[in-house]
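Notes follow once the structure below has been shown.
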Amino acid sequence: MPTTPLIPDTINVLLIGGGGREHALAWKLGQSPRLGTLWVDASANAGITALGRPCPEPISGRELFRLARWCDREDIHLVVIGPEAPLAEGWADELAGENRLVFGPSKDAARLEADKSWAKDIMRAASIPTADGRSFSRLEQAIAYAETREEGCVVKASGLAAGKGVVVCDTPEEAVDAVTSMMGDPERPGRGAFGDAGDTVVIEEKLLGQELSVLAIVDGRSIWVLDPCQDHKQVGEGDVGPNTGGMGAYSPTPLATEEVMRLVEREVLVPTVDALRREGITYRGVLYAGLMLTAGGPKVLEFNCRFGDPECQPLMMRLQGDLLKVLWAAAAGCLDDLEEGLRTDPRTACCVVRCSEGYPGNITTGHEIEGLEEAATLAGDGEDVMVFHAGTKASEDGIPVTAGGRVVGVTALAADLRRAQTLANAAADTVRFTGGFHRRDIGNRVLGELPETEVATDLG
Ligand code: AMP
Ligand code: GLY
């Protein structure tokens with residue numbers, strides 16, 4: 001019998017990443033009675049640096065050895081890695097130590113997000129429901145295939161492209177354009193729109209339905225499924241315009257019936273972790289399935305190897321209990337030994353992201369942000385509002401200014417989705433900066449204010 005490692009009474013944490021997801025994690029970790037010192041990236045946003053001590057070492061892929069030695073000296077017990085890029089580069093492997101765990105998958109496991117072509121192979125081999133697709137690393141073959149997709153298709157850069165490497169195409173011409181722009185000049189690999197990430201593309205069938213995000217905390221064997229969320233990726237109200245990293249998300253969603261969640265766990269999450277194990281890969285961290293609820297049941301659009309952003313924000317608002325203990329136990333491979341699981345607030349959380357003018361294209365930064373404190377005052381009895389910072393920084397005189405495309409995630413917790421949406425929108429209106437905008441329709445896909453797409457009703 002393997003012995004269960006004892007959870008330390010005091011856990012010093014280094015949190016890597018500096019956006020809205022990490023602000024929500026820092027806030028929740030800060031509620032743990034076990035938290036010793038929370039160290040954060042000195043260049044993280046103003047919300048995070050207000051909650052943690054800035055790490056004096058550079059947090060960069062080129063300085064990992066130095067960072068690991070600093071972690072040794074400072075007695076860091078747990079490193080929590082938020083974003084996908086460091087996970088794909090293998091930081092989890094590099095930063096683990098004799099007395100230190102890392103929450104986040106190894107480089108091998110993070111390939112599930114960083115190499116869509118490989119992820120498709122894993123899914124195909126394990127019969128995990130996903131869109132039919134083919135991978136190409138030769139431009140002329142990709143074009144020849146794209147030209148035959150009369151019914152439309154979806155073209156994806158296989159590597160990481162910050163949420164922008166997916167083009168949903170209605171015609172073969174659009175597909176050929178997408179392929180050509182991603183793969184670039186065949187004589188010069190890495191010269192496409194997303195660099196090396198587009199050297200291989202996946203072309204897959206276009207699925208119809210509502211989208212659902214199901215995230216689970218995985219310790220190598222056990223899977224704790226979190227309450228489902230729905231993200232809104234397109235920049236414009238009514239789901240128009242280019243894809244972004246995510247304009248808002250709410251949780252829970254009525255789309256995820258018990259039957260849907262059972263199918264997702266049984267046909268997607270469990271077989272994925274098992275399939276990786278057969279490849280000799282232990283998955284520890286967050287496994288995020290981006291799904292389409294088609295008439296034929298839920299199908300995987302993509303896997304992510306970390307908390308979603310903004311999904312993490314409504315999830316953290318609803319999570320009850322000690323997140324630090326859970327992340328530590330997942331990293332240690334002993335989730336089942338915790339005497340208590342995660343509990344979730346039954347109320348609904350709705351997060352709307354206030355963005356800089358021009359996002360997801362060119363933006364300007366450095367605009368002063370007003371009204372951050374005012375937002376929370378709008379919450380009534382039994383309600384809460386949190387403003388999680390995303391692209392902000394403190395100016396020299398300590399005033400928060402804009403520093404990115406997604407500036408803040410305003411997240412409201414209320415009795416139902418309609419009220420949570422209203423409150424989140426009202427609170428977001430109080431956060432003012434030049435050119436700021438947000439989508440006011442987060443949640444409308446289920447509130448019935450948008451034309452219904454094909455919602456799965458018979459999942460038999
Ligand atoms: P991904 O990053 O793979 O989740 O793709 C970004 C967005 O593109 C998704 O949220 C969907 O809206 C859309 N998408 C991706 N794959 C498909 C597909 N096979 N069919 C229809 N839409 C898709
Ligand atoms: N919001 C989508 C993502 O984090 O990938």
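All residue names refer to the structure tokens as shown: chains lettered A, B, ... in order, residues numbered from 1 in each chain, ligands numbered from 1 in order.
Among all protein and nucleic acid residues, the ones that lie within 7 Å of ligand 2 when counting only C-alpha atoms and all ligand atoms are Gly163, Asp231, Lys233, Gly245, Gly246, Asn304, Phe307, Gly308, Asp309, Pro310 and Glu311 of chain A.
With only C-alpha atoms taken into account, the protein and nucleic acid residues at most 6 Å from stretch 259-270 of chain A (excluding it and anything under 3 positions from it in its own chain) are A:Ile128, A:Ala256, A:Val273.
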C-alpha atoms of the current selection, written as a short mmCIF file (atom, residue, chain, number, x, y, z; two decimals), in the first residue's frame:
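Just written: selection_0.cif:
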data_model
loop_
_atom_site.label_atom_id
_atom_site.label_comp_id
_atom_site.auth_asym_id
_atom_site.auth_seq_id
_atom_site.Cartn_x
_atom_site.Cartn_y
_atom_site.Cartn_z
CA ILE A 128 -13.89 9.44 -27.22
CA ALA A 256 -25.65 20.21 -18.30
CA VAL A 273 -7.12 9.90 -18.26
#
Throw together the list of residues within 7 Å of ligand 1, counting only C-alpha atoms and all ligand atoms, and drop it here as an MDAnalysis selection string.
chainID A and resid 131 154 163 166:168 204:208 211 233 243 290 301:302
Any chance you could export the current selection's C-alpha atoms as a PDB file, in the first residue's frame?
ATOM      1  CA  ALA A 131     -15.638  15.954 -34.340  1.00  0.00           C
ATOM      2  CA  VAL A 154     -13.267  24.096 -38.865  1.00  0.00           C
ATOM      3  CA  GLY A 163      -7.420  30.966 -28.275  1.00  0.00           C
ATOM      4  CA  VAL A 166      -9.469  28.264 -34.736  1.00  0.00           C
ATOM      5  CA  VAL A 167     -11.410  29.399 -37.811  1.00  0.00           C
ATOM      6  CA  VAL A 168     -14.959  28.197 -38.360  1.00  0.00           C
ATOM      7  CA  GLU A 204     -12.584  18.911 -38.747  1.00  0.00           C
ATOM      8  CA  GLU A 205     -16.320  18.714 -39.280  1.00  0.00           C
ATOM      9  CA  LYS A 206     -18.396  21.624 -38.101  1.00  0.00           C
ATOM     10  CA  LEU A 207     -20.595  20.632 -35.176  1.00  0.00           C
ATOM     11  CA  LEU A 208     -23.859  22.310 -34.240  1.00  0.00           C
ATOM     12  CA  GLU A 211     -21.138  24.758 -26.008  1.00  0.00           C
ATOM     13  CA  LYS A 233     -15.827  33.175 -27.022  1.00  0.00           C
ATOM     14  CA  ASN A 243     -13.025  34.528 -31.269  1.00  0.00           C
ATOM     15  CA  GLY A 290     -14.586  22.040 -24.242  1.00  0.00           C
ATOM     16  CA  LEU A 301     -14.053  20.373 -29.339  1.00  0.00           C
ATOM     17  CA  GLU A 302     -10.813  20.684 -27.443  1.00  0.00           C
TER      18      GLU A 302
END
What lies within 12 Å of A:Arg191 using only C-alpha atoms, ignoring chain neighbours under 6 positions off, as an NGL selection string?
:A and (180-185 or 197-200)
Quick one: everything within 9 Å of stretch 409-418 of chain A, counting only C-alpha atoms, minus sequence neighbours fewer than 2 positions away in the same chain. Send it as a VMD selection string.
chain A and resid 20 247 to 248 250 to 253 310 313 to 314 317 to 318 346 to 355 375 to 376 379 to 380 382 to 390 406 to 407 420 to 425 427 to 428 431 443 to 444 447
Enumerate, as number ranges by chain, the complete set of residues in stretch 210-427 of chain A that a backbone-based DSSP assignment places in helix (DSSP H, G or I).
A: 258-278, 312-318, 323-332, 335-337, 372-376, 417-427
6 Å contact set for A:Gln230, only C-alpha atoms, chain neighbours under 2 positions out, as a list in words:
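So, after excluding close chain neighbours, the residues are Leu212, Ser213, Ala249 and Tyr250 of chain A.
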Take the residues just selected and output them with all heavy atoms as a PDB file, in the first residue's frame.
ATOM      1  N   LEU A 212     -20.353  23.796 -23.969  1.00  0.00           N
ATOM      2  CA  LEU A 212     -20.309  23.540 -22.537  1.00  0.00           C
ATOM      3  C   LEU A 212     -18.857  23.311 -22.146  1.00  0.00           C
ATOM      4  O   LEU A 212     -18.129  22.654 -22.880  1.00  0.00           O
ATOM      5  CB  LEU A 212     -21.125  22.272 -22.280  1.00  0.00           C
ATOM      6  CG  LEU A 212     -21.331  21.810 -20.861  1.00  0.00           C
ATOM      7  CD1 LEU A 212     -22.242  22.805 -20.142  1.00  0.00           C
ATOM      8  CD2 LEU A 212     -21.982  20.431 -20.843  1.00  0.00           C
ATOM      9  N   SER A 213     -18.456  23.865 -21.005  1.00  0.00           N
ATOM     10  CA  SER A 213     -17.097  23.612 -20.495  1.00  0.00           C
ATOM     11  C   SER A 213     -17.218  22.786 -19.228  1.00  0.00           C
ATOM     12  O   SER A 213     -17.881  23.219 -18.279  1.00  0.00           O
ATOM     13  CB  SER A 213     -16.380  24.907 -20.137  1.00  0.00           C
ATOM     14  OG  SER A 213     -16.366  25.798 -21.222  1.00  0.00           O
ATOM     15  N   ALA A 249     -18.533  34.115 -18.739  1.00  0.00           N
ATOM     16  CA  ALA A 249     -18.945  32.729 -18.499  1.00  0.00           C
ATOM     17  C   ALA A 249     -19.845  32.704 -17.276  1.00  0.00           C
ATOM     18  O   ALA A 249     -19.729  33.571 -16.402  1.00  0.00           O
ATOM     19  CB  ALA A 249     -17.719  31.856 -18.254  1.00  0.00           C
ATOM     20  N   TYR A 250     -20.723  31.707 -17.244  1.00  0.00           N
ATOM     21  CA  TYR A 250     -21.561  31.559 -16.058  1.00  0.00           C
ATOM     22  C   TYR A 250     -21.579  30.090 -15.649  1.00  0.00           C
ATOM     23  O   TYR A 250     -21.261  29.199 -16.450  1.00  0.00           O
ATOM     24  CB  TYR A 250     -22.991  32.084 -16.322  1.00  0.00           C
ATOM     25  CG  TYR A 250     -23.734  31.238 -17.315  1.00  0.00           C
ATOM     26  CD1 TYR A 250     -24.522  30.154 -16.899  1.00  0.00           C
ATOM     27  CD2 TYR A 250     -23.607  31.470 -18.675  1.00  0.00           C
ATOM     28  CE1 TYR A 250     -25.163  29.357 -17.810  1.00  0.00           C
ATOM     29  CE2 TYR A 250     -24.243  30.660 -19.599  1.00  0.00           C
ATOM     30  CZ  TYR A 250     -25.019  29.606 -19.157  1.00  0.00           C
ATOM     31  OH  TYR A 250     -25.638  28.791 -20.072  1.00  0.00           O
TER      32      TYR A 250
END
Write out as a PyMOL selection string the residues lying within 12 Å of A:Ser222, counting only C-alpha atoms and excluding same-chain residues fewer than 4 positions away.
chain A and resi 216-218+265+269-271+273-274+282-287+329-338+341
Any chance you can output those residues with N, CA and C atoms as an mmCIF file, in the first residue's frame?
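Ended up saving to result.cif:
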data_model
loop_
_atom_site.group_PDB
_atom_site.id
_atom_site.type_symbol
_atom_site.label_atom_id
_atom_site.label_comp_id
_atom_site.auth_asym_id
_atom_site.auth_seq_id
_atom_site.Cartn_x
_atom_site.Cartn_y
_atom_site.Cartn_z
ATOM 1 N N ALA A 216 -12.351 19.347 -14.601
ATOM 2 C CA ALA A 216 -12.207 18.378 -13.519
ATOM 3 C C ALA A 216 -10.823 18.520 -12.917
ATOM 4 N N ILE A 217 -10.741 18.235 -11.617
ATOM 5 C CA ILE A 217 -9.441 18.187 -10.951
ATOM 6 C C ILE A 217 -9.040 16.721 -10.896
ATOM 7 N N VAL A 218 -7.847 16.448 -11.398
ATOM 8 C CA VAL A 218 -7.411 15.060 -11.593
ATOM 9 C C VAL A 218 -6.113 14.843 -10.822
ATOM 10 N N GLU A 265 -18.487 12.497 -18.003
ATOM 11 C CA GLU A 265 -17.541 11.830 -17.111
ATOM 12 C C GLU A 265 -17.178 10.442 -17.651
ATOM 13 N N LEU A 269 -14.046 12.141 -19.811
ATOM 14 C CA LEU A 269 -12.969 12.420 -18.846
ATOM 15 C C LEU A 269 -12.248 11.147 -18.415
ATOM 16 N N VAL A 270 -13.018 10.150 -17.993
ATOM 17 C CA VAL A 270 -12.384 8.918 -17.502
ATOM 18 C C VAL A 270 -11.574 8.234 -18.614
ATOM 19 N N PRO A 271 -12.155 8.030 -19.813
ATOM 20 C CA PRO A 271 -11.347 7.369 -20.851
ATOM 21 C C PRO A 271 -10.124 8.172 -21.283
ATOM 22 N N VAL A 273 -8.167 10.124 -19.263
ATOM 23 C CA VAL A 273 -7.123 9.900 -18.259
ATOM 24 C C VAL A 273 -6.586 8.467 -18.390
ATOM 25 N N ASP A 274 -7.469 7.512 -18.659
ATOM 26 C CA ASP A 274 -7.029 6.123 -18.837
ATOM 27 C C ASP A 274 -6.153 5.974 -20.075
ATOM 28 N N THR A 282 0.935 10.181 -16.533
ATOM 29 C CA THR A 282 0.050 10.407 -15.390
ATOM 30 C C THR A 282 -0.463 11.832 -15.467
ATOM 31 N N TYR A 283 -1.771 12.008 -15.526
ATOM 32 C CA TYR A 283 -2.337 13.356 -15.641
ATOM 33 C C TYR A 283 -2.694 13.887 -14.266
ATOM 34 N N ARG A 284 -2.033 14.978 -13.877
ATOM 35 C CA ARG A 284 -2.373 15.634 -12.606
ATOM 36 C C ARG A 284 -2.566 17.115 -12.859
ATOM 37 N N GLY A 285 -3.706 17.627 -12.435
ATOM 38 C CA GLY A 285 -3.990 19.047 -12.656
ATOM 39 C C GLY A 285 -5.431 19.189 -13.095
ATOM 40 N N VAL A 286 -5.723 20.266 -13.816
ATOM 41 C CA VAL A 286 -7.084 20.457 -14.309
ATOM 42 C C VAL A 286 -7.186 19.862 -15.707
ATOM 43 N N LEU A 287 -8.200 19.060 -15.908
ATOM 44 C CA LEU A 287 -8.512 18.587 -17.263
ATOM 45 C C LEU A 287 -9.813 19.271 -17.655
ATOM 46 N N ALA A 329 -3.518 18.048 -2.647
ATOM 47 C CA ALA A 329 -3.809 16.606 -2.694
ATOM 48 C C ALA A 329 -3.813 16.094 -4.138
ATOM 49 N N ALA A 330 -4.295 16.917 -5.078
ATOM 50 C CA ALA A 330 -4.278 16.492 -6.485
ATOM 51 C C ALA A 330 -2.839 16.355 -6.950
ATOM 52 N N ALA A 331 -1.999 17.323 -6.582
ATOM 53 C CA ALA A 331 -0.596 17.278 -7.002
ATOM 54 C C ALA A 331 0.122 16.084 -6.362
ATOM 55 N N ALA A 332 -0.332 15.715 -5.148
ATOM 56 C CA ALA A 332 0.301 14.590 -4.444
ATOM 57 C C ALA A 332 -0.281 13.249 -4.873
ATOM 58 N N GLY A 333 -1.356 13.263 -5.655
ATOM 59 C CA GLY A 333 -1.965 11.998 -6.105
ATOM 60 C C GLY A 333 -2.837 11.358 -5.046
ATOM 61 N N CYS A 334 -3.405 12.146 -4.131
ATOM 62 C CA CYS A 334 -4.190 11.525 -3.052
ATOM 63 C C CYS A 334 -5.514 12.236 -2.792
ATOM 64 N N LEU A 335 -6.213 12.611 -3.851
ATOM 65 C CA LEU A 335 -7.508 13.287 -3.675
ATOM 66 C C LEU A 335 -8.472 12.472 -2.826
ATOM 67 N N ASP A 336 -8.489 11.154 -3.073
ATOM 68 C CA ASP A 336 -9.484 10.327 -2.378
ATOM 69 C C ASP A 336 -9.250 10.242 -0.882
ATOM 70 N N ASP A 337 -8.058 10.631 -0.439
ATOM 71 C CA ASP A 337 -7.778 10.561 0.988
ATOM 72 C C ASP A 337 -8.306 11.778 1.746
ATOM 73 N N LEU A 338 -8.759 12.787 1.033
ATOM 74 C CA LEU A 338 -9.306 13.956 1.731
ATOM 75 C C LEU A 338 -10.624 13.554 2.382
ATOM 76 N N GLY A 341 -14.855 16.452 0.272
ATOM 77 C CA GLY A 341 -14.704 16.850 -1.121
ATOM 78 C C GLY A 341 -14.917 18.346 -1.287
#
